[in-house]
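Enquirer: Can you keep this structure in mind? I'll have questions shortly.
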Amino acid sequence: MTSEITRRAALGFAGATSLTLLAACGSGTAINGSSSESSSAAKKDYKGEVKLEEYDTSAGTFEPATHDTPPKNVPKPIKPKNADEDSVAGLYSSIAFLGAAITYAFTTGDTTYIQDSAFNEETKKKIKNNRTIRKTAEGKHWEADIKLVYSLETSEPTKEGDEYTWPYRGISRHGTYYVEVNGPKTSVNFISESSQETITPGRIKAKHTDGHWVINFETDESASPSAS
């Protein structure tokens with residue numbers, strides 16, 4: 001089954017491993033007014049899986065992992081220009097970059113993009129010191145595939161005072177195996193189909209402070225494999 005270290009770490013950092021994100025409470029609250037107003041100035045619906053649009057692929061053609069080698073030339077996330085903007089669009093972009101950064105860290109062991117993300121400082125330190133990520137950086141751990149996704153449960157977040165709340169599901173998606181290197185021994189560990197996706201619901205708490213977003217994840221304790 002999936003490495004518990006990887007799964008739990010991702011769930012904790014992402015509010016669930018890897019990351020399908022948010023959507024806020026009532027769409028009725030988010031979009032009010034007459035039909036003419038909504039047709040001329042309809043607000044964007046952010047509900048669903050959060051996706052980063054731009055990646056740096058200049059390193060070359062991506063080569064997937066094999067039983068013998070980790071993935072090569074993994075595309076690097078590019079932070080959206082509006083990610084630090086004090087707006088719902090800016091918050092969405094920050095979440096998208098954050099999700100791509102944590103996926104990149106677990107894929108390559110490189111936490112460079114985590115440092116420029118909206119994770120709070122405590123979480124950044126935990127990610128940097130995470131055992132699985134450190135082993136990945138040393139070439140002693142890799143997965144056939146891993147993606148941490150946030151899926152937003154509402155079209156927009158709700159706001160109380162200066163804090164935004166966005167309910168989401170954190171989704172950890174894994175391939176069919178992971179590899180561990182211990183000295184001269186390399187072991188290929190297969191991941192059962194039922195363990196290849198784990199979903200954890202929770203809430204994103206975000207504040208715009210000193211010109212950028214700071215995001216905290218509140219997760220429900222129970223994490224369950226995908227039912228579908």
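Chain labels A, B, ... are given in the sequence in which chains occur in the structure tokens; within each chain residues are numbered consecutively from 1, and ligands are likewise numbered from 1 in the order shown.
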With only C-alpha atoms as the counted atoms, please give the residues lying no more than 10 Å from Thr123 (chain A), apart from itself and same-chain residues fewer than 3 positions off, as a list of chain:residue names.
Expert: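 Non-adjacent residues within range: A:Gly12, A:Phe13, A:Ala14, A:Ile114, A:Gln115, A:Ala118, A:Phe119, A:Asn120, A:Lys126, A:Ile127, A:Lys128, A:Asn129, A:Ile215, A:Asn216, A:Phe217.
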Enquirer: Put those residues in a file: C-alpha atoms, as a compact mmCIF listing (two decimals), in the first residue's frame.
Expert:
```
# COMPACT_ATOMS: atom_id res chain seq x y z
CA GLY A 12 -1.27 17.33 6.80
CA PHE A 13 0.39 19.88 4.53
CA ALA A 14 -2.37 20.09 2.06
CA ILE A 114 7.36 25.97 -1.22
CA GLN A 115 9.34 28.92 0.16
CA ALA A 118 1.39 31.00 0.68
CA PHE A 119 1.98 28.21 3.22
CA ASN A 120 2.50 29.67 6.69
CA LYS A 126 7.78 21.06 8.30
CA ILE A 127 7.77 20.45 4.57
CA LYS A 128 11.47 21.28 4.24
CA ASN A 129 12.30 18.80 7.02
CA ILE A 215 -2.80 30.12 4.17
CA ASN A 216 -3.59 27.64 6.92
CA PHE A 217 -5.36 24.32 6.40
```
Enquirer: Write down as a PyMOL selection string the residues of region 44-148 of chain A whose backbone DSSP state falls under strand (DSSP E).
Expert: chain A and resi 48-49+55-56+76-77+141-143+146-148
Enquirer: Looking at only C-alpha atoms, which of A:Tyr55, A:Trp213, A:Trp142, A:Trp166 is the one that sits closest to Asp68 (chain A)?
Expert: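 The answer is A:Trp142, which sits nearest to Asp68 (chain A).
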Enquirer: Tell me, as a list in words, which residues lie within 9 Å of His141 (chain A), counting only C-alpha atoms; anything in the same chain fewer than 2 positions away does not count.
Expert: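 Neighbouring residues, sequence-local ones excluded: Pro70, Thr132, Ile133, Arg134, Lys135, Thr136, Ala137, Glu138, Gly139, Glu143, Tyr178, Val179, Glu180 and Val181 of chain A.
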Enquirer: Taking N, CA and C atoms for each residue, export the selection above as a tab-separated table (two decimals), in the first residue's frame.
Expert:
```
chain	number	residue	atom	x	y	z
A	70	PRO	N	14.28	7.75	-10.73
A	70	PRO	CA	13.22	8.72	-10.43
A	70	PRO	C	12.85	9.51	-11.69
A	132	THR	N	10.20	12.05	4.00
A	132	THR	CA	9.99	11.52	2.65
A	132	THR	C	10.57	12.46	1.60
A	133	ILE	N	10.35	13.76	1.77
A	133	ILE	CA	10.88	14.74	0.82
A	133	ILE	C	12.41	14.74	0.85
A	134	ARG	N	12.98	14.64	2.03
A	134	ARG	CA	14.45	14.60	2.13
A	134	ARG	C	15.02	13.34	1.47
A	135	LYS	N	14.34	12.22	1.65
A	135	LYS	CA	14.80	10.99	1.01
A	135	LYS	C	14.66	11.08	-0.51
A	136	THR	N	13.60	11.76	-0.95
A	136	THR	CA	13.42	11.96	-2.39
A	136	THR	C	14.55	12.82	-2.95
A	137	ALA	N	14.91	13.87	-2.23
A	137	ALA	CA	16.01	14.75	-2.66
A	137	ALA	C	17.32	13.99	-2.76
A	138	GLU	N	17.49	12.98	-1.92
A	138	GLU	CA	18.72	12.17	-1.91
A	138	GLU	C	18.67	11.02	-2.91
A	139	GLY	N	17.57	10.89	-3.63
A	139	GLY	CA	17.43	9.81	-4.60
A	139	GLY	C	17.16	8.46	-3.96
A	143	GLU	N	8.14	7.94	-6.42
A	143	GLU	CA	6.89	7.24	-6.77
A	143	GLU	C	6.73	7.21	-8.28
A	178	TYR	N	5.88	2.68	-5.44
A	178	TYR	CA	6.91	3.61	-5.01
A	178	TYR	C	8.19	2.80	-4.76
A	179	VAL	N	9.32	3.48	-4.83
A	179	VAL	CA	10.62	2.82	-4.72
A	179	VAL	C	11.36	3.35	-3.50
A	180	GLU	N	11.99	2.44	-2.75
A	180	GLU	CA	12.81	2.81	-1.60
A	180	GLU	C	14.22	2.25	-1.83
A	181	VAL	N	15.23	3.10	-1.57
A	181	VAL	CA	16.62	2.68	-1.71
A	181	VAL	C	17.25	2.68	-0.32
```
Enquirer: As number ranges by chain, please: the residues near Asn182 (chain A) (cut-off 8 Å, only C-alpha atoms, same-chain neighbours under 3 positions excluded).
Expert: A: 140, 185-186
Enquirer: Going by DSSP on the backbone, which bits of region 31-146 of chain A are alpha helix (DSSP H)? Write them as a PyMOL selection string, please.
Expert: chain A and resi 35-40+88-108+112-115+121-128+131-137
Enquirer: Using only C-alpha atoms, which of A:Ala65, A:Ala89, A:Ile102, A:Ile204 sits nearest Leu152 (chain A)?
Expert: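 Of the candidates, the smallest distance to Leu152 (chain A) is held by A:Ile204.
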Enquirer: Could you give me, as a VMD selection string, the residues within 12 Å of Val214 (chain A), counting only C-alpha atoms and dropping anything in the same chain fewer than 3 positions from it?
Expert: chain A and resid 83 to 86 90 to 91 94 to 95 98 115 to 124 162 to 164 204 to 211 217
Enquirer: Can I get the selection written as a short mmCIF file (atom, residue, chain, number, x, y, z; two decimals), in the first residue's frame, with C-alpha atoms?
Expert:
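As a result, out-v6.cif now contains:
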```
data_model
loop_
_atom_site.label_atom_id
_atom_site.label_comp_id
_atom_site.auth_asym_id
_atom_site.auth_seq_id
_atom_site.Cartn_x
_atom_site.Cartn_y
_atom_site.Cartn_z
CA ALA A 83 -1.00 35.35 -6.77
CA ASP A 84 -0.22 38.08 -4.22
CA GLU A 85 -3.21 40.20 -5.18
CA ASP A 86 -5.77 40.97 -2.45
CA GLY A 90 -5.43 36.23 -6.17
CA LEU A 91 -6.29 33.77 -3.41
CA SER A 94 -2.05 31.32 -4.50
CA ILE A 95 -3.81 28.03 -3.79
CA LEU A 98 0.78 26.13 -3.45
CA GLN A 115 9.34 28.92 0.16
CA ASP A 116 7.65 31.30 -2.30
CA SER A 117 4.18 29.87 -1.67
CA ALA A 118 1.39 31.00 0.68
CA PHE A 119 1.98 28.21 3.22
CA ASN A 120 2.50 29.67 6.69
CA GLU A 121 6.10 29.66 7.99
CA GLU A 122 5.60 26.73 10.36
CA THR A 123 4.29 24.54 7.54
CA LYS A 124 7.15 25.57 5.25
CA ASP A 162 -9.98 39.93 7.42
CA GLU A 163 -10.10 36.13 7.20
CA TYR A 164 -11.36 34.08 4.27
CA ILE A 204 -8.74 26.76 3.96
CA LYS A 205 -8.18 29.77 6.21
CA ALA A 206 -6.49 32.68 4.46
CA LYS A 207 -5.44 36.23 5.29
CA HIS A 208 -3.81 38.82 3.08
CA THR A 209 -0.90 40.16 5.13
CA ASP A 210 2.05 42.40 4.18
CA GLY A 211 1.28 42.20 0.48
CA PHE A 217 -5.36 24.32 6.40
#
```
Enquirer: What is the distance, in Å and to one decimal place, between CA of Pro75 (chain A) and CA of Gly99 (chain A)?
Expert: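 Separation between CA of Pro75 (chain A) and CA of Gly99 (chain A): 13.7 Å.
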Enquirer: Mind pulling up the distance from CA of Tyr46 (chain A) to CA of Thr158 (chain A)?
Expert: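 Separating CA of Thr158 (chain A) from CA of Tyr46 (chain A) is a distance of 12.7 Å.
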Enquirer: Extract, using only C-alpha atoms, all DNA, RNA and protein residues at most 6 Å from region 60-62 of chain A, discarding same-chain residues fewer than 4 positions from it, and format them as a tab-separated table (two decimals) with all heavy atoms, in the first residue's frame.
Expert:
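Listed below is the output, around_26.tsv:
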```tsv
chain	number	residue	atom	x	y	z
A	72	LYS	N	12.51	12.49	-14.41
A	72	LYS	CA	13.49	13.49	-14.83
A	72	LYS	C	12.77	14.65	-15.53
A	72	LYS	O	11.73	14.48	-16.15
A	72	LYS	CB	14.52	12.87	-15.79
A	72	LYS	CG	15.33	11.74	-15.16
A	72	LYS	CD	16.25	11.09	-16.18
A	72	LYS	CE	17.03	9.93	-15.56
A	72	LYS	NZ	17.89	9.24	-16.57
A	73	ASN	N	13.37	15.83	-15.45
A	73	ASN	CA	12.86	17.03	-16.11
A	73	ASN	C	11.41	17.33	-15.72
A	73	ASN	O	10.56	17.63	-16.57
A	73	ASN	CB	12.97	16.89	-17.64
A	73	ASN	CG	14.38	16.60	-18.10
A	73	ASN	OD1	15.35	17.08	-17.50
A	73	ASN	ND2	14.52	15.83	-19.15
A	74	VAL	N	11.14	17.24	-14.43
A	74	VAL	CA	9.79	17.51	-13.93
A	74	VAL	C	9.47	19.00	-14.14
A	74	VAL	O	10.26	19.87	-13.75
A	74	VAL	CB	9.68	17.17	-12.43
A	74	VAL	CG1	8.28	17.49	-11.91
A	74	VAL	CG2	10.03	15.70	-12.20
```
